[in-house]
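As stored in my_file-v1.cif (mmCIF, C-alpha atoms):
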data_work
loop_
_atom_site.label_atom_id
_atom_site.label_comp_id
_atom_site.auth_asym_id
_atom_site.auth_seq_id
_atom_site.Cartn_x
_atom_site.Cartn_y
_atom_site.Cartn_z
CA MET I 86 46.92 -176.87 21.94
CA THR I 87 45.79 -179.60 24.40
CA PHE I 88 48.17 -182.02 22.71
CA VAL I 89 50.97 -179.50 23.10
CA ARG I 90 50.38 -179.02 26.83
CA GLN I 91 50.16 -182.78 27.52
CA HIS I 92 53.38 -183.66 25.72
CA ARG I 93 55.50 -180.59 26.54
CA ASN I 94 56.95 -182.20 29.68
CA PHE I 95 57.84 -185.31 27.69
CA PHE I 96 59.92 -183.31 25.24
CA ASN I 97 61.52 -181.28 28.01
CA ASN I 98 62.85 -184.48 29.64
CA LEU I 99 64.68 -185.58 26.51
CA THR I 100 68.47 -185.43 26.64
CA PRO I 101 70.38 -183.03 24.37
CA GLU I 102 71.81 -185.97 22.44
CA HIS I 103 68.44 -186.65 20.84
CA LYS I 104 68.86 -183.90 18.22
CA ILE I 105 65.88 -184.90 16.18
CA PHE I 106 63.63 -184.74 19.23
CA ASN I 107 65.13 -181.39 20.19
CA ARG I 108 64.21 -180.08 16.74
CA TRP I 109 60.59 -181.20 17.20
CA ARG I 110 60.55 -179.77 20.72
CA THR I 111 61.48 -176.35 19.34
CA ILE I 112 58.65 -176.52 16.85
CA ILE I 113 56.03 -177.87 19.25
CA GLN I 114 56.71 -175.17 21.85
CA ARG I 115 55.87 -172.36 19.42
CA PRO I 116 52.39 -170.83 19.33
CA ALA I 117 49.84 -172.67 17.24
CA TYR I 118 50.11 -170.33 14.24
CA HIS I 119 53.86 -171.04 14.05
CA LEU I 120 53.58 -174.81 13.53
CA CYS I 121 53.63 -174.64 9.76
CA SER I 122 56.44 -172.08 9.39
CA THR I 123 60.04 -171.66 10.48
CA ALA I 124 59.54 -167.86 10.86
CA PRO I 125 57.02 -166.01 13.00
CA ILE I 126 53.85 -165.11 11.19
CA ILE I 127 52.65 -161.66 12.18
CA PRO I 128 48.94 -160.97 11.68
CA VAL I 129 48.01 -158.26 9.21
CA ASP I 130 46.67 -155.95 11.92
CA GLU I 131 49.91 -156.24 13.87
CA LYS I 132 51.94 -155.55 10.72
CA GLU I 133 49.99 -152.37 10.07
CA SER I 134 50.35 -151.29 13.69
CA LEU I 135 54.08 -152.02 13.63
CA MET I 136 54.53 -150.09 10.39
CA PHE I 137 52.61 -147.12 11.80
CA GLN I 138 54.76 -147.16 14.95
CA GLN I 139 57.92 -147.28 12.86
CA ILE I 140 56.80 -144.33 10.72
CA LEU I 141 55.83 -142.37 13.83
CA THR I 142 59.19 -143.07 15.49
CA ILE I 143 61.20 -142.09 12.41
CA THR I 144 59.05 -138.98 11.99
CA ARG I 145 59.57 -137.89 15.59
CA ASN I 146 63.34 -138.49 15.50
CA THR I 147 63.68 -136.75 12.13
CA PHE I 148 61.68 -133.76 13.39
CA ILE I 149 63.91 -133.38 16.44
CA GLU I 150 67.06 -133.83 14.38
CA SER I 151 65.89 -131.28 11.81
CA ILE I 152 65.16 -128.45 14.23
CA ARG I 153 68.44 -129.10 16.02
CA GLN I 154 70.46 -128.28 12.92
CA PRO I 155 72.14 -124.86 13.26
CA ILE I 156 71.40 -124.06 9.60
CA PHE I 157 67.69 -124.44 10.39
CA VAL I 158 67.74 -121.64 12.95
CA VAL I 159 70.09 -119.50 10.82
CA VAL I 160 67.70 -119.61 7.86
CA MET I 161 64.78 -118.76 10.15
CA LEU I 162 66.63 -115.77 11.60
CA ILE I 163 67.50 -114.48 8.12
CA ALA I 164 63.87 -114.92 7.06
CA THR I 165 62.69 -113.09 10.18
CA ALA I 166 64.98 -110.18 9.37
CA GLY I 167 63.61 -110.13 5.82
CA MET I 168 60.03 -110.10 7.10
CA LEU I 169 60.77 -107.17 9.40
CA LEU I 170 62.39 -105.23 6.55
CA ASN I 171 59.54 -105.83 4.11
CA PRO I 172 57.36 -102.91 5.37
CA GLN I 173 60.25 -100.49 4.79
CA LEU I 174 61.16 -101.96 1.39
CA SER I 175 57.53 -101.83 0.23
CA ALA I 176 57.13 -98.09 0.78
CA TYR I 177 58.28 -96.95 -2.66
CA THR I 178 55.57 -98.02 -5.10
CA LEU I 179 53.82 -94.61 -5.29
CA GLU I 180 50.55 -96.57 -5.20
CA ASN I 181 49.17 -99.09 -2.67
CA ASP I 182 52.31 -100.20 -0.84
CA ASN I 183 50.44 -102.81 1.20
CA LYS I 184 49.83 -104.94 -1.91
CA LEU I 185 53.56 -105.10 -2.50
CA LEU I 186 54.02 -105.95 1.19
CA ILE I 187 51.71 -108.96 0.80
CA ASP I 188 53.51 -110.09 -2.35
CA MET I 189 56.97 -109.74 -0.83
CA GLY I 190 55.93 -111.62 2.30
CA LEU I 191 54.55 -114.55 0.32
CA SER I 192 57.70 -114.63 -1.81
CA THR I 193 59.86 -114.67 1.30
CA LEU I 194 57.91 -117.58 2.76
CA PHE I 195 58.19 -119.52 -0.50
CA ILE I 196 61.94 -118.99 -0.92
CA VAL I 197 62.65 -119.76 2.74
CA GLY I 198 60.65 -122.97 2.44
CA LEU I 199 62.78 -123.92 -0.57
CA PHE I 200 66.06 -123.49 1.30
CA LEU I 201 64.78 -125.17 4.46
CA ALA I 202 63.59 -128.18 2.45
CA ALA I 203 66.92 -128.56 0.65
CA PHE I 204 69.17 -128.12 3.67
CA THR I 205 67.03 -130.15 6.06
CA ALA I 206 66.42 -133.07 3.69
CA THR I 207 70.12 -133.50 2.95
CA GLY I 208 70.92 -133.20 6.65
CA VAL I 209 68.65 -136.08 7.68
CA VAL I 210 68.68 -138.30 4.56
CA SER I 211 71.81 -137.87 2.47
CA SER I 212 74.09 -137.48 5.49
CA GLU I 213 72.67 -140.58 7.18
CA ILE I 214 73.24 -142.61 4.02
CA GLU I 215 76.82 -141.39 3.68
CA ASN I 216 77.56 -141.94 7.38
CA LYS I 217 76.01 -145.44 7.31
CA THR I 218 73.50 -144.39 9.97
CA ALA I 219 70.64 -145.41 7.68
CA LEU I 220 72.06 -148.96 7.57
CA THR I 221 71.43 -149.34 11.30
CA VAL I 222 67.79 -148.30 10.89
CA ILE I 223 67.18 -150.50 7.84
CA SER I 224 68.61 -153.55 9.65
CA LYS I 225 66.14 -153.32 12.59
CA PRO I 226 64.34 -154.34 10.30
CA VAL I 227 62.62 -151.25 8.93
CA SER I 228 61.53 -151.35 5.30
CA ARG I 229 62.96 -148.75 2.97
CA PRO I 230 59.56 -147.29 2.02
CA VAL I 231 58.79 -146.80 5.72
CA PHE I 232 62.17 -145.09 6.14
CA ILE I 233 61.51 -142.65 3.27
CA VAL I 234 57.93 -141.88 4.34
CA GLY I 235 59.00 -141.29 7.94
CA LYS I 236 61.82 -139.02 6.81
CA TYR I 237 59.45 -136.97 4.65
CA PHE I 238 56.91 -136.54 7.43
CA GLY I 239 59.66 -135.55 9.86
CA VAL I 240 61.21 -132.99 7.52
CA SER I 241 57.83 -131.58 6.47
CA SER I 242 56.77 -131.30 10.14
CA ALA I 243 59.91 -129.31 10.97
CA ILE I 244 59.33 -127.07 7.95
CA ALA I 245 55.67 -126.66 8.95
CA LEU I 246 56.76 -125.40 12.38
CA ALA I 247 59.19 -122.91 10.83
CA TYR I 248 56.60 -121.90 8.23
CA TRP I 249 53.98 -121.23 10.90
CA THR I 250 56.41 -119.14 12.96
CA LEU I 251 57.34 -117.04 9.94
CA THR I 252 53.67 -116.84 8.94
CA VAL I 253 52.81 -115.28 12.31
CA ILE I 254 55.58 -112.72 11.82
CA TYR I 255 54.27 -112.03 8.32
CA LEU I 256 50.71 -111.56 9.60
CA LEU I 257 51.99 -109.12 12.21
CA THR I 258 53.67 -107.05 9.48
CA VAL I 259 50.47 -107.14 7.41
CA ARG I 260 48.52 -105.92 10.43
CA HIS I 261 51.03 -103.12 11.00
CA GLN I 262 50.99 -102.18 7.29
CA VAL I 263 53.35 -99.82 5.48
CA MET I 264 53.75 -96.34 6.89
CA GLN I 265 53.07 -94.46 3.65
CA THR I 266 52.88 -90.94 5.10
CA ALA I 267 54.56 -89.05 7.91
CA SER I 268 51.28 -88.88 9.78
CA ASP I 269 50.97 -92.67 10.04
CA GLN I 270 51.49 -94.02 13.54
CA PHE I 271 53.16 -97.19 14.71
CA ASP I 272 50.91 -100.12 15.61
CA GLY I 273 51.63 -100.39 19.33
CA PRO I 274 50.13 -103.85 19.99
CA VAL I 275 52.08 -105.37 17.07
CA ILE I 276 55.38 -103.96 18.32
CA ILE I 277 54.78 -104.68 22.02
CA PHE I 278 53.32 -108.18 21.73
CA GLY I 279 55.29 -109.26 18.67
CA LEU I 280 58.74 -108.20 19.82
CA GLY I 281 57.92 -108.89 23.47
CA PHE I 282 56.86 -112.50 23.03
CA GLY I 283 59.66 -113.11 20.52
CA LEU I 284 62.28 -111.91 22.99
CA LEU I 285 60.59 -113.87 25.77
CA ALA I 286 60.92 -117.08 23.74
CA ILE I 287 64.64 -116.45 23.22
CA ILE I 288 65.15 -115.70 26.93
CA VAL I 289 63.31 -118.86 28.02
CA ALA I 290 65.28 -120.99 25.54
CA THR I 291 68.55 -119.49 26.81
CA LEU I 292 67.66 -120.12 30.45
CA GLY I 293 66.53 -123.65 29.62
CA ASN I 294 69.83 -124.31 27.88
CA TYR I 295 71.79 -122.97 30.86
CA PHE I 296 69.89 -124.63 33.71
CA TYR I 297 68.37 -127.74 32.11
CA ASN I 298 70.74 -128.43 29.19
CA TRP I 299 68.06 -127.88 26.56
CA VAL I 300 69.30 -127.86 22.99
CA PHE I 301 69.06 -124.16 22.20
CA THR I 302 68.26 -124.47 18.49
CA SER I 303 65.34 -126.85 18.95
CA ALA I 304 64.08 -125.08 22.08
CA VAL I 305 64.03 -121.62 20.51
CA THR I 306 62.34 -122.97 17.38
CA ARG I 307 59.51 -124.52 19.37
CA LEU I 308 59.11 -121.64 21.80
CA LEU I 309 59.00 -119.04 19.03
CA GLY I 310 56.13 -120.89 17.41
CA VAL I 311 54.17 -121.02 20.67
CA PHE I 312 54.96 -117.56 22.08
CA LEU I 313 54.47 -115.67 18.81
CA THR I 314 51.12 -117.40 18.33
CA ILE I 315 50.01 -116.14 21.74
CA GLY I 316 51.23 -112.66 20.86
CA TYR I 317 49.36 -112.68 17.54
CA LEU I 318 46.12 -113.78 19.21
CA LEU I 319 46.42 -110.85 21.61
CA VAL I 320 47.05 -108.50 18.67
CA LEU I 321 43.88 -109.72 16.96
CA MET I 322 41.83 -108.74 20.03
CA ILE I 323 43.32 -105.23 20.36
CA ASP I 324 43.23 -102.59 17.66
CA LYS I 325 45.86 -100.03 16.80
CA HIS I 326 44.55 -97.60 19.43
CA TRP I 327 44.52 -100.23 22.23
CA ASP I 328 40.76 -100.73 22.13
CA ILE I 329 39.19 -104.18 22.41
CA GLN I 330 37.87 -105.53 19.10
CA SER I 331 36.62 -108.77 17.60
CA PRO I 332 39.41 -111.19 16.60
CA LEU I 333 37.83 -111.48 13.15
CA THR I 334 38.26 -107.78 12.40
CA ASP I 335 41.85 -108.04 11.14
CA LEU I 336 41.66 -111.69 10.07
CA ASN I 337 41.85 -111.92 6.27
CA ILE I 338 40.42 -115.31 5.31
CA GLN I 339 41.57 -115.04 1.69
CA LEU I 340 45.11 -114.30 2.82
CA MET I 341 45.03 -117.32 5.14
CA ILE I 342 43.94 -119.51 2.22
CA GLY I 343 46.78 -118.06 0.17
CA LEU I 344 49.25 -118.91 2.92
CA LEU I 345 47.90 -122.47 2.96
CA LEU I 346 48.45 -122.77 -0.81
CA VAL I 347 52.02 -121.56 -0.44
CA PHE I 348 52.60 -124.22 2.21
CA PHE I 349 51.32 -126.85 -0.21
CA ALA I 350 53.90 -125.65 -2.72
CA VAL I 351 56.62 -125.85 -0.04
CA ALA I 352 55.49 -129.41 0.79
CA VAL I 353 55.88 -130.35 -2.88
CA ILE I 354 59.39 -128.85 -2.92
CA CYS I 355 60.13 -130.83 0.25
CA SER I 356 59.20 -134.08 -1.50
CA VAL I 357 61.50 -133.13 -4.40
CA ALA I 358 64.30 -132.56 -1.87
CA ILE I 359 63.73 -136.03 -0.41
CA VAL I 360 63.97 -137.54 -3.90
CA ALA I 361 67.22 -135.75 -4.67
CA SER I 362 68.79 -136.44 -1.27
CA THR I 363 68.48 -140.22 -1.74
CA ARG I 364 71.18 -140.00 -4.42
CA LEU I 365 72.84 -136.58 -4.26
CA GLY I 366 74.56 -134.30 -1.78
CA GLN I 367 73.55 -130.97 -0.37
CA MET I 368 74.62 -128.68 -3.21
CA MET I 369 73.09 -130.77 -5.98
CA THR I 370 69.88 -131.19 -3.98
CA LEU I 371 69.68 -127.43 -3.57
CA MET I 372 70.24 -126.91 -7.31
CA ILE I 373 67.53 -129.42 -8.23
CA CYS I 374 65.06 -127.84 -5.81
CA LEU I 375 65.88 -124.40 -7.21
CA GLY I 376 65.40 -125.71 -10.76
CA VAL I 377 62.03 -127.25 -9.91
CA PHE I 378 61.07 -124.02 -8.15
CA LEU I 379 61.84 -121.89 -11.22
CA MET I 380 60.36 -124.34 -13.72
CA GLY I 381 57.26 -124.74 -11.58
CA LEU I 382 56.60 -121.00 -11.63
CA MET I 383 57.37 -120.54 -15.34
CA SER I 384 56.14 -123.80 -16.88
CA GLN I 385 52.68 -122.39 -17.54
CA ASN I 386 54.05 -119.48 -19.58
CA ILE I 387 56.95 -121.28 -21.28
CA LEU I 388 56.22 -124.99 -21.66
CA GLY I 389 52.47 -124.50 -21.71
CA THR I 390 52.67 -122.58 -24.99
CA TRP I 391 54.92 -125.22 -26.58
CA ALA I 392 53.03 -128.28 -25.30
CA ASN I 393 50.66 -128.38 -28.28
CA ASP I 394 53.49 -128.18 -30.84
CA TYR I 395 56.30 -130.27 -29.35
CA TRP I 396 55.87 -133.65 -27.67
CA TRP I 397 58.94 -133.24 -25.45
CA ALA I 398 57.60 -129.94 -24.15
CA ASP I 399 54.27 -131.63 -23.36
CA VAL I 400 56.06 -134.39 -21.40
CA ILE I 401 58.15 -131.92 -19.38
CA TYR I 402 55.10 -129.74 -18.82
CA ARG I 403 53.11 -132.65 -17.38
CA VAL I 404 55.94 -134.05 -15.25
CA THR I 405 57.17 -130.76 -13.76
CA PRO I 406 55.13 -129.58 -10.75
CA ASN I 407 53.15 -126.54 -11.85
CA LEU I 408 53.60 -124.31 -8.82
CA GLN I 409 51.75 -121.50 -10.53
CA PHE I 410 48.53 -123.22 -9.45
CA LEU I 411 49.64 -122.73 -5.85
CA TRP I 412 50.86 -119.13 -6.11
CA PRO I 413 48.16 -116.86 -4.62
CA ALA I 414 49.80 -113.42 -4.78
CA ASP I 415 48.20 -112.38 -8.07
CA ALA I 416 44.70 -113.35 -6.97
CA ILE I 417 45.09 -111.62 -3.60
CA SER I 418 46.50 -108.40 -5.06
CA GLN I 419 43.66 -108.29 -7.62
CA GLU I 420 41.11 -109.13 -4.90
CA HIS I 421 39.89 -112.32 -6.54
CA ASP I 422 38.45 -114.70 -3.93
CA PHE I 423 39.48 -118.35 -3.80
CA THR I 424 36.57 -120.73 -4.26
CA GLY I 425 36.14 -123.97 -2.38
CA THR I 426 36.47 -125.91 -5.63
CA TYR I 427 39.80 -124.28 -6.42
CA VAL I 428 41.17 -125.03 -2.96
CA LEU I 429 40.04 -128.65 -3.24
CA LEU I 430 41.65 -129.05 -6.67
CA ALA I 431 44.88 -127.42 -5.48
CA THR I 432 44.98 -129.69 -2.45
CA SER I 433 44.40 -132.79 -4.59
CA TYR I 434 47.05 -131.71 -7.08
CA SER I 435 49.59 -131.16 -4.29
CA ALA I 436 48.80 -134.53 -2.70
CA LEU I 437 49.22 -136.35 -6.02
CA MET I 438 52.53 -134.63 -6.71
CA ILE I 439 53.81 -135.50 -3.23
CA LEU I 440 52.76 -139.14 -3.59
CA SER I 441 54.45 -139.32 -7.00
CA MET I 442 57.68 -137.85 -5.64
CA LEU I 443 57.68 -140.18 -2.64
CA GLY I 444 57.15 -143.13 -4.96
CA LEU I 445 60.15 -142.01 -7.02
CA ALA I 446 62.19 -141.55 -3.83
CA VAL I 447 61.34 -145.08 -2.69
CA ALA I 448 62.31 -146.49 -6.11
CA LEU I 449 65.67 -144.69 -6.06
CA PHE I 450 66.36 -145.66 -2.46
CA GLN I 451 65.49 -149.32 -3.04
CA SER I 452 68.43 -149.72 -5.40
CA ARG I 453 70.79 -147.51 -3.36
CA GLU I 454 73.68 -149.36 -1.76
CA ILE I 455 73.96 -148.24 1.86
CA GLY I 456 76.01 -151.09 3.33
#

Turn this file's structure into structure tokens for me.
Amino acid sequence: MTFVRQHRNFFNNLTPEHKIFNRWRTIIQRPAYHLCSTAPIIPVDEKESLMFQQILTITRNTFIESIRQPIFVVVMLIATAGMLLNPQLSAYTLENDNKLLIDMGLSTLFIVGLFLAAFTATGVVSSEIENKTALTVISKPVSRPVFIVGKYFGVSSAIALAYWTLTVIYLLTVRHQVMQTASDQFDGPVIIFGLGFGLLAIIVATLGNYFYNWVFTSAVTRLLGVFLTIGYLLVLMIDKHWDIQSPLTDLNIQLMIGLLLVFFAVAVICSVAIVASTRLGQMMTLMICLGVFLMGLMSQNILGTWANDYWWADVIYRVTPNLQFLWPADAISQEHDFTGTYVLLATSYSALMILSMLGLAVALFQSREIG
């Protein structure tokens, strides 16, 4: 470095005609770790930091883009209507209607997660590839694996927000329960705080759109998640007769674990949607997600019985995500508690399936022509 500083002025005084000296001047004026290379050498720590920043940026932009899609809010509104109708639809079992209410709510969350994953993934991956928007990102340069990972985290974050909002609505319906007899009374705190904070979120989003040009779809999605959470926390502290109670009184830990398992299943479906959207359009992605959804719930009963007799059935059984491991409705309705070991195994299984699907998505996207 001392040699560089002493001779820099000498090279600067050379005339442009001395091309060979100009070439050496370009090399000598680079930092010391550039002297043996014609391209900048980025340290490993800086590469990891740059990659993390790229993933974080793609995740944030994908999240915002996902919740701005009109179909995202439309699906959430339909799911909300279904959740509110579940207590009325569950009142015809002639037994314990609340068990059916729990089962129907979990099914609604699962199916809504399926549709959100399919529509959102194609909206932020397949559409960008077809519109050549992905080419601009890849040429920054951003590696294709970073692009896929960032897209998955962004889509799954948007779905997690929607899933949490619908989960709060579901928990409010479970707290209210089914009115099985004419003598049953409405749960006042659920109706007042649930509907009140939900309407307040819509009003604030509308005013923000009018006065501050907020994007209504993204604003109402975020505000519903925040306001309904506040309303649910207030409901937990007040019983049906408006008396103060402990927040743990109506908090069902086993049901919360079951909701977590369902979200793991939705995250797996989301990774399948990312895989399909790297090559296919919206309709085909939806069909593939629906096929994986059905096979995942039935593979244990269909392929599992054939796996010992037919090799092809064993291969399909092992490759297809077994979503039956992540379906908690049967255990909850039969009052079987989830153990810590089971939750750990289910979490590990979901993580491995997601990593496998992301690896397949990267392999398909590597050979995809986007220019």

Would you tabulate, counting only C-alpha atoms, all residues of region 341-396 of chain I that have an atom at most 10 Å from an atom of region 414-437 of chain I, showing the closest pair of atoms and their distance in Å to one decimal, sorted by chain then ascending number, as CSV?
residue,atom,partner,partner_atom,distance
I:Ile342,CA,I:Phe423,CA,7.6
I:Gly343,CA,I:Ala414,CA,7.4
I:Leu344,CA,I:Ala414,CA,9.5
I:Leu345,CA,I:Val428,CA,9.3
I:Leu346,CA,I:Ala431,CA,7.5
I:Val347,CA,I:Ala414,CA,9.5
I:Phe348,CA,I:Ser435,CA,10.0
I:Phe349,CA,I:Ser435,CA,6.2
I:Ala350,CA,I:Ser435,CA,7.2
I:Val351,CA,I:Ser435,CA,9.8
I:Ala352,CA,I:Ser435,CA,8.0
I:Val353,CA,I:Ser435,CA,6.5

Subject >> Polymer residues at most 8 Å from region 242-250 of chain I, only C-alpha atoms, same-chain spacing of 6 or more positions, as a ChimeraX atom specification >> reply: /I:148-149,151-152,161,194,198,201-202,306-307,309-310,313-314,348

Could you spell out the hits of the PyMOL selection byres ((chain I and resi 156) around 10) on the shown file, as a CSV table (one decimal) with C-alpha atoms, in the frame of the given file?
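After the write, selection_11.csv holds the following:
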chain,number,residue,atom,x,y,z
I,151,SER,CA,65.9,-131.3,11.8
I,152,ILE,CA,65.2,-128.4,14.2
I,153,ARG,CA,68.4,-129.1,16.0
I,154,GLN,CA,70.5,-128.3,12.9
I,155,PRO,CA,72.1,-124.9,13.3
I,157,PHE,CA,67.7,-124.4,10.4
I,158,VAL,CA,67.7,-121.6,13.0
I,159,VAL,CA,70.1,-119.5,10.8
I,160,VAL,CA,67.7,-119.6,7.9
I,161,MET,CA,64.8,-118.8,10.2
I,162,LEU,CA,66.6,-115.8,11.6
I,200,PHE,CA,66.1,-123.5,1.3
I,201,LEU,CA,64.8,-125.2,4.5
I,204,PHE,CA,69.2,-128.1,3.7
I,205,THR,CA,67.0,-130.2,6.1
I,208,GLY,CA,70.9,-133.2,6.6
I,302,THR,CA,68.3,-124.5,18.5

Subject >> Distance query Leu186 (chain I) at most 8 Å, all atoms listed in the file, self and fewer than 4 positions along chain excluded, as a list of chain:residue names >> reply: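 My reading of the contact set: I:Asn171, I:Pro172, I:Ser175, I:Asp182, I:Gly190, I:Val259, I:Gln262, I:Val263.
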
**OP:** Measure the distance from CA of Thr207 (chain I) to CA of Gly293 (chain I) in Å and round it to one decimal.
**Re:**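 One can read the CA of Thr207 (chain I) to CA of Gly293 (chain I) distance as 28.7 Å.
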
Subject >> All residues 7 Å or closer to Cys374 (chain I), only C-alpha atoms, same chain fewer than 5 positions away omitted, as a PyMOL selection string >> reply: chain I and resi 199+203+354+357-358
